[in-house]
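Enquirer: The following file, work_27.tsv, comprises TSV, C-alpha atoms:
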chain	number	residue	atom	x	y	z
A	1	HIS	CA	-4.86	16.67	14.27
A	2	PRO	CA	-7.01	13.65	15.11
A	3	VAL	CA	-5.60	10.22	14.26
A	4	THR	CA	-7.88	7.40	13.13
A	5	ALA	CA	-6.80	3.89	14.09
A	6	HIS	CA	-8.09	0.94	12.06
A	7	TYR	CA	-7.64	-2.61	13.37
A	8	PRO	CA	-9.65	-5.86	13.44
A	9	ARG	CA	-12.69	-5.48	15.65
A	10	SER	CA	-12.01	-8.91	17.15
A	11	GLY	CA	-8.68	-7.54	18.40
A	12	GLN	CA	-10.17	-4.64	20.35
A	13	HIS	CA	-8.67	-5.89	23.63
A	14	PHE	CA	-5.20	-6.04	22.04
A	15	PHE	CA	-5.52	-2.47	20.78
A	16	THR	CA	-6.70	-1.28	24.18
A	17	ARG	CA	-3.74	-2.95	25.88
A	18	LEU	CA	-1.33	-1.23	23.51
A	19	ARG	CA	-3.01	2.14	23.80
A	20	TYR	CA	-2.96	2.16	27.60
A	21	SER	CA	0.15	0.05	28.22
A	22	THR	CA	2.19	2.87	29.75
A	23	ALA	CA	1.66	5.87	32.02
A	24	TYR	CA	1.60	8.78	29.60
A	25	ARG	CA	-0.56	11.80	28.91
A	26	GLU	CA	-2.55	11.34	25.70
A	27	THR	CA	-2.34	14.62	23.79
A	28	VAL	CA	-3.48	13.39	20.38
A	29	GLY	CA	-7.14	12.79	19.63
A	30	ILE	CA	-7.46	9.14	18.60
A	31	THR	CA	-10.57	7.88	16.84
A	32	GLU	CA	-10.95	4.13	17.15
A	33	ALA	CA	-12.39	2.67	13.95
A	34	PRO	CA	-12.30	-1.14	14.12
A	35	VAL	CA	-12.71	-3.15	10.91
A	36	ASP	CA	-14.94	-6.20	10.57
A	37	ALA	CA	-15.56	-6.50	6.82
A	38	ASP	CA	-14.08	-5.83	3.41
A	39	GLY	CA	-14.76	-2.40	2.00
A	40	THR	CA	-13.95	1.30	1.93
A	41	LEU	CA	-12.94	2.77	5.29
A	42	ALA	CA	-12.48	6.42	4.34
A	43	VAL	CA	-12.83	8.73	1.35
A	44	THR	CA	-11.21	12.17	1.34
A	45	GLY	CA	-10.12	14.59	-1.33
A	46	SER	CA	-6.62	13.14	-1.10
A	47	TYR	CA	-7.17	9.39	-0.91
A	48	THR	CA	-9.50	6.42	-0.53
A	49	LEU	CA	-8.60	3.84	2.12
A	50	GLN	CA	-9.78	0.27	1.57
A	51	ALA	CA	-9.50	-2.92	3.64
A	52	ARG	CA	-9.57	-6.59	2.70
A	53	ARG	CA	-9.64	-9.53	5.07
A	54	LEU	CA	-6.58	-11.78	4.98
A	55	SER	CA	-5.97	-15.40	6.01
A	56	HIS	CA	-4.19	-15.80	9.34
A	57	PRO	CA	-4.84	-17.73	12.58
A	58	VAL	CA	-5.60	-14.37	14.23
A	59	GLU	CA	-8.01	-12.15	12.29
A	60	SER	CA	-6.02	-9.86	10.03
A	61	TYR	CA	-6.73	-7.16	7.43
A	62	GLY	CA	-4.63	-5.60	4.71
A	63	TYR	CA	-5.00	-2.00	3.56
A	64	ARG	CA	-4.88	-0.20	0.23
A	65	LEU	CA	-4.50	3.57	-0.23
A	66	VAL	CA	-5.61	4.98	-3.58
A	67	GLU	CA	-4.96	8.55	-4.66
A	68	PRO	CA	-7.61	10.06	-6.98
A	69	ASP	CA	-6.67	10.58	-10.59
A	70	GLY	CA	-5.59	14.07	-11.57
A	71	ARG	CA	-4.62	15.78	-14.80
A	72	ARG	CA	-1.23	16.64	-16.27
A	73	MET	CA	-1.06	19.84	-18.29
A	74	LEU	CA	0.52	19.50	-21.76
A	75	PRO	CA	2.71	22.52	-22.61
A	76	ASP	CA	2.58	21.95	-26.37
A	77	ARG	CA	-1.23	21.82	-26.39
A	78	LEU	CA	-1.46	24.88	-24.13
A	79	ALA	CA	0.79	26.83	-26.49
A	80	ALA	CA	-1.04	25.67	-29.60
A	81	LEU	CA	-4.38	26.83	-28.20
A	82	GLY	CA	-3.03	30.09	-26.77
A	83	VAL	CA	-3.51	29.26	-23.11
A	84	ARG	CA	-0.76	30.87	-21.06
A	85	GLY	CA	0.03	32.61	-17.76
A	86	PRO	CA	-2.86	32.91	-15.27
A	87	ASP	CA	-5.21	31.29	-17.80
A	88	VAL	CA	-3.55	27.93	-17.12
A	89	GLY	CA	-4.73	28.06	-13.51
A	90	ARG	CA	-8.16	29.28	-14.56
A	91	ILE	CA	-8.77	26.35	-16.91
A	92	GLN	CA	-7.52	23.91	-14.27
A	93	ARG	CA	-10.04	25.27	-11.77
A	94	ALA	CA	-13.01	25.82	-14.09
A	95	GLY	CA	-12.48	23.00	-16.58
A	96	VAL	CA	-13.04	25.33	-19.53
A	97	LEU	CA	-11.70	28.63	-20.84
A	98	GLY	CA	-13.66	30.08	-23.72
A	99	ASP	CA	-13.82	27.35	-26.35
A	100	VAL	CA	-10.94	25.37	-24.82
A	101	ARG	CA	-11.74	22.46	-22.53
A	102	LEU	CA	-9.39	21.10	-19.88
A	103	GLU	CA	-9.36	17.79	-21.77
A	104	ASP	CA	-7.94	19.60	-24.82
A	105	VAL	CA	-4.78	20.71	-23.02
A	106	SER	CA	-4.16	17.92	-20.49
A	107	GLU	CA	-4.13	14.18	-19.97
A	108	VAL	CA	-5.13	11.92	-17.11
A	109	ARG	CA	-2.47	11.53	-14.40
A	110	ARG	CA	-3.25	8.29	-12.62
A	111	GLY	CA	-3.26	8.48	-8.83
A	112	GLN	CA	-0.70	6.49	-6.88
A	113	ARG	CA	-1.66	3.17	-5.29
A	114	PHE	CA	-0.10	1.71	-2.14
A	115	ALA	CA	-0.88	-1.53	-0.30
A	116	PHE	CA	0.21	-2.93	3.05
A	117	ILE	CA	-0.21	-6.70	3.46
A	118	MET	CA	0.91	-8.35	6.67
A	119	ASP	CA	0.20	-11.61	8.53
A	120	THR	CA	-1.44	-13.74	5.87
A	121	ARG	CA	-1.13	-16.81	3.70
A	122	LEU	CA	-2.22	-16.63	0.05
A	123	CYS	CA	-5.89	-15.65	-0.28
A	124	PRO	CA	-8.13	-13.49	-2.52
A	125	GLY	CA	-7.58	-10.44	-0.32
A	126	VAL	CA	-3.84	-10.48	-1.02
A	127	HIS	CA	-4.35	-10.32	-4.78
A	128	ALA	CA	-7.08	-7.69	-4.59
A	129	LEU	CA	-4.95	-5.37	-2.46
A	130	ALA	CA	-1.83	-5.73	-4.60
A	131	GLU	CA	-3.52	-5.13	-7.96
A	132	ASP	CA	-1.72	-2.45	-10.00
A	133	CYS	CA	0.09	-0.94	-7.00
A	134	ASP	CA	2.93	1.53	-7.37
A	135	LEU	CA	4.32	0.44	-3.99
A	136	LEU	CA	3.54	-2.84	-2.21
A	137	VAL	CA	4.80	-3.60	1.28
A	138	ILE	CA	4.15	-7.28	1.88
A	139	GLU	CA	5.16	-9.92	4.37
A	140	SER	CA	7.72	-12.53	3.32
A	141	THR	CA	8.16	-14.52	6.50
A	142	PHE	CA	9.56	-17.74	5.05
A	143	LEU	CA	11.83	-18.83	2.23
A	144	ASP	CA	10.32	-21.06	-0.44
A	145	GLU	CA	11.78	-24.30	0.90
A	146	ASP	CA	9.64	-23.78	4.03
A	147	GLU	CA	6.37	-23.25	2.19
A	148	GLN	CA	4.56	-25.86	4.29
A	149	LEU	CA	5.48	-23.98	7.45
A	150	ALA	CA	4.20	-20.80	5.84
A	151	VAL	CA	0.82	-22.41	5.13
A	152	GLU	CA	0.55	-23.85	8.65
A	153	HIS	CA	1.38	-20.56	10.37
A	154	GLY	CA	-0.52	-18.27	8.02
A	155	HIS	CA	2.36	-16.53	6.25
A	156	LEU	CA	3.90	-16.07	2.80
A	157	THR	CA	7.20	-17.13	1.29
A	158	ALA	CA	9.50	-14.84	-0.67
A	159	GLY	CA	8.52	-16.52	-3.92
A	160	GLN	CA	4.80	-16.28	-3.18
A	161	ALA	CA	5.00	-12.59	-2.32
A	162	ALA	CA	7.00	-11.87	-5.45
A	163	ALA	CA	4.61	-13.85	-7.64
A	164	VAL	CA	1.70	-11.83	-6.27
A	165	ALA	CA	3.55	-8.61	-7.12
A	166	ARG	CA	4.50	-9.90	-10.56
A	167	ASP	CA	0.95	-10.87	-11.49
A	168	ALA	CA	-0.48	-7.64	-10.04
A	169	GLY	CA	1.83	-5.36	-12.03
A	170	VAL	CA	3.48	-3.86	-8.94
A	171	ARG	CA	6.19	-1.29	-9.67
A	172	HIS	CA	8.12	-1.39	-6.37
A	173	LEU	CA	8.01	-4.43	-4.09
A	174	VAL	CA	9.11	-4.20	-0.45
A	175	LEU	CA	9.58	-7.51	1.37
A	176	THR	CA	9.49	-7.53	5.17
A	177	HIS	CA	8.43	-9.52	8.29
A	178	PHE	CA	11.20	-12.14	8.09
A	179	SER	CA	11.54	-15.17	10.33
A	180	GLN	CA	14.63	-14.99	12.53
A	181	ARG	CA	15.53	-18.51	11.48
A	182	TYR	CA	17.23	-17.07	8.38
A	183	SER	CA	20.63	-15.37	8.58
A	184	ASP	CA	21.00	-14.13	4.99
A	185	PRO	CA	18.43	-11.47	4.00
A	186	ASP	CA	19.80	-11.45	0.44
A	187	GLU	CA	18.24	-14.88	-0.08
A	188	PHE	CA	14.78	-13.29	0.02
A	189	GLU	CA	15.75	-11.08	-2.91
A	190	ARG	CA	17.21	-14.02	-4.84
A	191	GLN	CA	14.04	-16.06	-4.43
A	192	ALA	CA	11.84	-13.10	-5.32
A	193	ARG	CA	13.78	-12.58	-8.55
A	194	ALA	CA	13.61	-16.31	-9.27
A	195	ALA	CA	9.81	-16.02	-9.05
A	196	GLY	CA	9.90	-13.62	-11.99
A	197	PHE	CA	9.42	-10.21	-10.38
A	198	GLU	CA	11.28	-7.69	-12.52
A	199	GLY	CA	10.30	-4.36	-10.93
A	200	GLU	CA	12.12	-2.43	-8.25
A	201	LEU	CA	12.73	-4.62	-5.20
A	202	THR	CA	13.68	-3.75	-1.62
A	203	VAL	CA	14.42	-6.13	1.24
A	204	ALA	CA	13.41	-4.05	4.24
A	205	HIS	CA	15.40	-3.47	7.40
A	206	ASP	CA	14.65	-1.50	10.55
A	207	LEU	CA	14.20	2.28	10.09
A	208	LEU	CA	14.41	2.05	6.30
A	209	ARG	CA	12.53	4.75	4.40
A	210	VAL	CA	11.15	3.77	0.99
A	211	PRO	CA	9.79	6.51	-1.29
A	212	VAL	CA	6.74	5.93	-3.44
A	213	PRO	CA	7.83	5.68	-7.10
A	214	LYS	CA	7.46	8.82	-9.19
A	215	ARG	CA	4.25	9.01	-11.16
A	216	ARG	CA	4.41	7.51	-14.59
Can the structure from this file be put into structure tokens for me?
Expert:
Amino acid sequence: HPVTAHYPRSGQHFFTRLRYSTAYRETVGITEAPVDADGTLAVTGSYTLQARRLSHPVESYGYRLVEPDGRRMLPDRLAALGVRGPDVGRIQRAGVLGDVRLEDVSEVRRGQRFAFIMDTRLCPGVHALAEDCDLLVIESTFLDEDEQLAVEHGHLTAGQAAAVARDAGVRHLVLTHFSQRYSDPDEFERQARAAGFEGELTVAHDLLRVPVPKRR
């Protein structure tokens, strides 16, 4: 299936270099969709993809994927109103079955929210992307004692990233993009906890797979 690639428009030459950096036969249809402003990039039946500009010496954007809300069927309400068997599917599709409305036998199931924030110092875009996320993957290049370096180079510290997640109500925080100057990755977790983040926390490593938390 076609693959859409989003990247900063100002970095078009970098994307082109990467795309054609080796001698290979391109068998996948790639749609180039450069980004040059905050806003919604795509809306489908399965998700909405949004972008927000970040703060970095090289133009950078973060991305937020939002699943539409659905509905969770309530077995006790279905039984009480006599909706059973194939009728459950019918009311889900039609929204009503006789005198029974879908709202009478279900509740809202909030869609999942995921954000990816890389190459940035603190800025409004960071907070907007992280807001109420189930899973947040965010850069944590420096430890807190090197905050001035983080500001100068356009990056975050472990404590800053964790504070963003704490204030945004993030459920699962994934820290990544670490400076090689540090030899103990556990220190990123210690500083993130010291910043008050109490949700699930992962310090990423190469090839790690992190599942999205189960719906609440």
Enquirer: Could you pull the residues within 7 Å of stretch 64-68 of chain A, counting only C-alpha atoms, minus those fewer than 3 positions along the same chain, as a ChimeraX atom specification?
Expert: /A:46-51,111-116,129
Enquirer: Please, what distance in Å, to one decimal, runs between atom CA of A:Ala33 and atom CA of A:Ser140?
Expert: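 Atom-to-atom, atom CA of A:Ala33 and atom CA of A:Ser140 are spaced 27.4 Å apart.
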Enquirer: For A:Ala79, which residue out of A:Val96, A:Val105, A:Ile91, A:Ala161 is the nearest one, using all atoms listed in the file?
Expert: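 Residue with the minimum atom-to-atom distance to A:Ala79: A:Val105.
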Enquirer: One number please: atom CA of A:Val170 to atom CA of A:His56, in Å, one decimal.
Expert: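 Answer for the atom CA of A:Val170 to atom CA of A:His56 separation: 23.1 Å.
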Enquirer: Could you jot down the atom CA of A:Gly29 to atom CA of A:Arg53 separation for me, Å, one decimal place?
Expert: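 Going from atom CA of A:Gly29 over to atom CA of A:Arg53, I get 26.8 Å.
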Enquirer: Tell me, as a PyMOL selection string, which residues lie within 7 Å of A:Phe142, counting all atoms listed in the file; anything in the same chain fewer than 6 positions away does not count.
Expert: chain A and resi 150+156-158+178-179
Enquirer: Set the distance at 12 Å and use only C-alpha atoms: which residues neighbour A:Arg193 once local chain neighbours fewer than 2 positions away are removed? I'd like the list as number ranges by chain.
Expert: A: 158-163, 165-166, 173, 175, 186-191, 195-203
Enquirer: I'd like to know which of A:Ala168, A:Leu208, A:Ala80, A:Leu143 is closest to A:Gln180, using only C-alpha atoms.
Expert: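 Residue with the minimum atom-to-atom distance to A:Gln180: A:Leu143.
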Enquirer: Smallest atom-to-atom distance to A:Arg9: which of A:Val126, A:Ala37, A:Val83, A:Ala192, using all atoms listed in the file?
Expert: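 The answer is A:Ala37, which sits nearest to A:Arg9.
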Enquirer: Adding 4 Å on each side of the box along x, y and z that holds all listed atoms of stretch 191-207 of chain A, could you give its centre and edge lengths in Å to one decimal, as lines of an AutoDock Vina configuration file?
Expert:
center_x = 12.4
center_y = -7.0
center_z = -1.0
size_x = 14.0
size_y = 26.6
size_z = 31.1
Enquirer: I want to know what sits within 9 Å of A:Pro213, based on all atoms listed in the file, with residues of the same chain fewer than 4 positions away left out; could you give that as a ChimeraX atom specification?
Expert: /A:112,134-135,171-172
Enquirer: Point out the residue among A:Asp167, A:Glu131, A:Asp38, A:Asp146 with the least atom-to-atom distance to A:Leu54, counting all atoms listed in the file.
Expert: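 Looking at the shortest contact to A:Leu54, the residue is A:Asp38.
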Enquirer: Name the residues in contact with stretch 1-7 of chain A at a cut-off of 9 Å, using only C-alpha atoms, excluding same-chain residues fewer than 6 positions from it; report them as a list in words.
Expert: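 Selected residues are Phe15, Val28, Gly29, Ile30, Thr31, Glu32, Ala33, Pro34, Val35, Asp36, Leu41, Ser60 and Tyr61 of chain A.
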Enquirer: Find the residues with any atom within 12 Å of (-11.1, 31.8, -20.8); use only C-alpha atoms and the coordinates as given in the file, and write the answer as a list in words.
Expert: Leu81, Gly82, Val83, Arg84, Gly85, Pro86, Asp87, Val88, Gly89, Arg90, Ile91, Gln92, Arg93, Ala94, Gly95, Val96, Leu97, Gly98, Asp99, Val100, Arg101 and Leu102 of chain A
